[in-house]
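This report concerns only the one structure given below.
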Amino acid sequence: MAFRPFAAACITALTISLGACQDGGLGGVASTRHLAPVPPKTLALMAQKGMSQNDPILIRAFKKEAEMEVWKRDGRGRYALLKTFPICRWSGQLGPKTKQGDRQAPEGFYTVTPGQMNPNSSYYLSFDTGYPNAYDRAQGRTGNYIMVHGTCSSAGCFAMTDESMGELYALARDSFAGGQRAFQFQSYPFRMTAQNVAKYRNDPNTPFWKNLKEGSDYFEALGEEPRVAVCGSRYVFGGADVAAGSCTPKVETLVAEKRERDNQAVAELIAKGTPATRVVYEDGGQNPVFRAPATTTAFASLGKSEEPELPYDAKDFARRHLGEVSRPDALAAAGREIEVDAKGRPVMVAAAEPAIPTKAAAAALTAKSVADKAGADRKGATRMAAPEPAKAPEPVKPARVMVADADGDPSAYQKLLGGLLKSGPTAPATPATDAATIPAVVAAAPVTPAKPVRTAAAAVKPAPNPATVAKPAKGDGKAEPKPAAHNVASPAGRN
């Protein structure tokens, strides 16, 4: 009879781990991967930047750009960028992780201790990000074992190449050996630039992202790791006053100046007509360096490229040795940018005038077209002897119009974007609602007088789901007791 409690415990543990990055280890086989040294090239880069091998580190991840940065404290006591790694795979949408099984990679400020490092990961090497932290728990968010690991497969984790993961692990290991008790892991939807803030200003996650930007501003302006606390439903960032429990910390002058510059730049970009957009993915993304060939094309010399210079050599990250790539069909679809209005409702650029946003307007325009045609027929009958010379048609200018009027025709939105508009003001985009219902091409059909007039919403049909779906992505995680979560992310790793 003692077998029953044991079996029940096993089933419970399996159920808990299903929505996470699972990792059964190497089946008891000891690995020496975690002992590999930092590459000589990276050591030379440290020396060039005045850093020591055992100096503390800090890691930042950016979903949209699919990049992960390693910062290291230099001889002046400030953090400086050491190296940037392209992320091979992340899953879900831009926005925070909210529940177990949503395939969302988390966003926020986390603490990684030596106990969260996994040298025997079945996905080469890994470390647990520390999700959920105190902020996530305060929001009622669920999930566990969200990792940064090797192997290009993600179910809520940040998947790197094995080579990149080996170097990340070695950098963290050496910093712990130098006395660092924990390092901070900052995860963002995108780089917190004025351009991105202006571009994504109407996304439902904007209030949360503005809160994350406060921590980003502190770090970038001062070069110091921010102390992080949770007050109510917000992150609070600062120095010693935050560590002492203050929910209204002093804002340093350099931080305030940076925020003012960014706010002014955002206002100028909006005034210049920068459209507000929202990005929807089939299921996460991948750094483009893994999709493009490492060699240059035959046409590269015909003109200057406007692409920004990468902080890493594309030849080092060619599509090789990636292992199992999860959901390649979703990666091929890439992210789709949808223009939204001030309330987050989709906006489209009509292909021709006139655009018909509602059924009522369509009926009115149809009646007007019939009346105009009848009048033209009567006028033409009296001028048969002297027909007017034909005039060249005037060019049609595209017009930005609302796809539908929620008051006049509420069903039109659902026909166009389905579950995308069901999300609340703080609910993140998820593959189950957004990705499966966004049409592949959103364009209004031009209206011709000889045919019945159709609405812009009726002209758009949802794109069919992919015919085949790859097997579920694997992630990383240890089916063992999780280390105690930290209330704040700080250099000392204190709760």
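Just remember, in the structure tokens the first chain shown is A, the second B, etc., residues are 1-based per chain, and ligands are 1-based in the order shown.
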
Legend entry - Surrounding residues of A:Leu94 excluding itself and chain neighbours under 6 positions, 9 Å, only C-alpha atoms, as a ChimeraX atom specification: /A:63-64,104-105,107,188-190,205,279-281,284,428-430

Inset, instruction - Skip stretch 206-216 of chain A itself and residues of its chain fewer than 6 positions away, then list as a PyMOL selection string all residues within 7 Å of it, counting only C-alpha atoms. - result: chain A and resi 108+192+226+235+237

Selected residues written out, all heavy atoms, as an mmCIF file, in the first residue's frame:
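Result file follows (part-v9.cif):
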data_model
loop_
_atom_site.group_PDB
_atom_site.id
_atom_site.type_symbol
_atom_site.label_atom_id
_atom_site.label_comp_id
_atom_site.auth_asym_id
_atom_site.auth_seq_id
_atom_site.Cartn_x
_atom_site.Cartn_y
_atom_site.Cartn_z
ATOM 1 N N GLY A 108 10.815 40.955 -16.685
ATOM 2 C CA GLY A 108 10.934 41.489 -15.335
ATOM 3 C C GLY A 108 12.373 41.440 -14.862
ATOM 4 O O GLY A 108 13.312 41.238 -15.641
ATOM 5 N N MET A 192 14.579 49.487 -24.542
ATOM 6 C CA MET A 192 13.760 50.592 -24.051
ATOM 7 C C MET A 192 14.217 51.938 -24.624
ATOM 8 O O MET A 192 14.571 52.868 -23.881
ATOM 9 C CB MET A 192 13.783 50.609 -22.518
ATOM 10 C CG MET A 192 13.100 49.404 -21.911
ATOM 11 S SD MET A 192 11.333 49.431 -22.254
ATOM 12 C CE MET A 192 10.835 47.794 -21.768
ATOM 13 N N PRO A 226 20.516 48.135 -10.227
ATOM 14 C CA PRO A 226 19.494 48.713 -9.359
ATOM 15 C C PRO A 226 19.042 47.726 -8.290
ATOM 16 O O PRO A 226 18.922 46.527 -8.542
ATOM 17 C CB PRO A 226 18.354 49.022 -10.343
ATOM 18 C CG PRO A 226 18.529 48.046 -11.452
ATOM 19 C CD PRO A 226 20.005 47.843 -11.584
ATOM 20 N N TYR A 235 7.072 47.513 -9.609
ATOM 21 C CA TYR A 235 8.481 47.436 -9.256
ATOM 22 C C TYR A 235 8.924 48.805 -8.763
ATOM 23 O O TYR A 235 8.456 49.841 -9.251
ATOM 24 C CB TYR A 235 9.331 47.080 -10.479
ATOM 25 C CG TYR A 235 9.378 45.621 -10.873
ATOM 26 C CD1 TYR A 235 8.815 45.188 -12.070
ATOM 27 C CD2 TYR A 235 10.026 44.681 -10.074
ATOM 28 C CE1 TYR A 235 8.882 43.852 -12.461
ATOM 29 C CE2 TYR A 235 10.101 43.344 -10.462
ATOM 30 C CZ TYR A 235 9.530 42.941 -11.653
ATOM 31 O OH TYR A 235 9.600 41.624 -12.027
ATOM 32 N N PHE A 237 12.658 50.855 -8.083
ATOM 33 C CA PHE A 237 14.097 50.763 -8.354
ATOM 34 C C PHE A 237 14.840 51.897 -7.668
ATOM 35 O O PHE A 237 14.338 53.020 -7.586
ATOM 36 C CB PHE A 237 14.357 50.824 -9.860
ATOM 37 C CG PHE A 237 13.581 49.816 -10.662
ATOM 38 C CD1 PHE A 237 12.386 50.155 -11.261
ATOM 39 C CD2 PHE A 237 14.054 48.516 -10.814
ATOM 40 C CE1 PHE A 237 11.665 49.237 -12.011
ATOM 41 C CE2 PHE A 237 13.339 47.583 -11.553
ATOM 42 C CZ PHE A 237 12.139 47.942 -12.152
#

Legend entry - Distance criterion (only C-alpha atoms): nearest to A:Gly179 out of A:Asn263, A:Asn196, A:Asn54, A:Gln139: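 Using only C-alpha atoms, A:Gly179 sits closest to A:Asn54.
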
Inset, instruction - Just the residues within 12 Å of A:Leu310, please, counting only C-alpha atoms, with nothing from its chain fewer than 4 positions along; format it as a list in words. - result: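 Residues near the query, excluding close chain neighbours: Glu65, Glu67, Lys83, Thr84, Phe85, Pro86, Asn287, Pro288, Val289, Glu306, Ala314, Lys315, Asp316 and Phe317 of chain A.
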
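Look at A:Pro40: the protein and nucleic acid residues within 12 Å of it, using only C-alpha atoms and passing over chain neighbours fewer than 6 places away, are A:Met46, A:Ala47, A:Gln53, A:Glu167.
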
Each residue of stretch 180-295 of chain A with at least one atom at most 7 Å from stretch 113-133 of chain A should appear once, together with its nearest atom pair and the corresponding distance in Å (one decimal); atoms considered: only C-alpha atoms; ordering: chain, then increasing residue number; output as a tab-separated table.
residue	atom	partner	partner_atom	distance
A:Arg181	CA	A:Thr113	CA	6.4
A:Ala182	CA	A:Thr113	CA	4.4
A:Phe183	CA	A:Thr113	CA	6.7
A:Phe185	CA	A:Thr129	CA	6.9

Could you write out the selected residues, including C-alpha atoms, as an mmCIF file, in the first residue's frame?
data_model
loop_
_atom_site.group_PDB
_atom_site.id
_atom_site.type_symbol
_atom_site.label_atom_id
_atom_site.label_comp_id
_atom_site.auth_asym_id
_atom_site.auth_seq_id
_atom_site.Cartn_x
_atom_site.Cartn_y
_atom_site.Cartn_z
ATOM 1 C CA ARG A 181 26.511 35.798 -4.424
ATOM 2 C CA ALA A 182 23.883 36.341 -7.160
ATOM 3 C CA PHE A 183 23.593 38.105 -10.497
ATOM 4 C CA PHE A 185 18.779 38.884 -14.914
#

Inset, instruction - List every residue of stretch 57-219 of chain A that DSSP, applied to the backbone of this structure, places in helix (DSSP H, G or I), and write the result as a ChimeraX atom specification. - result: /A:114-116,134-138,162-177,194-199,206-219
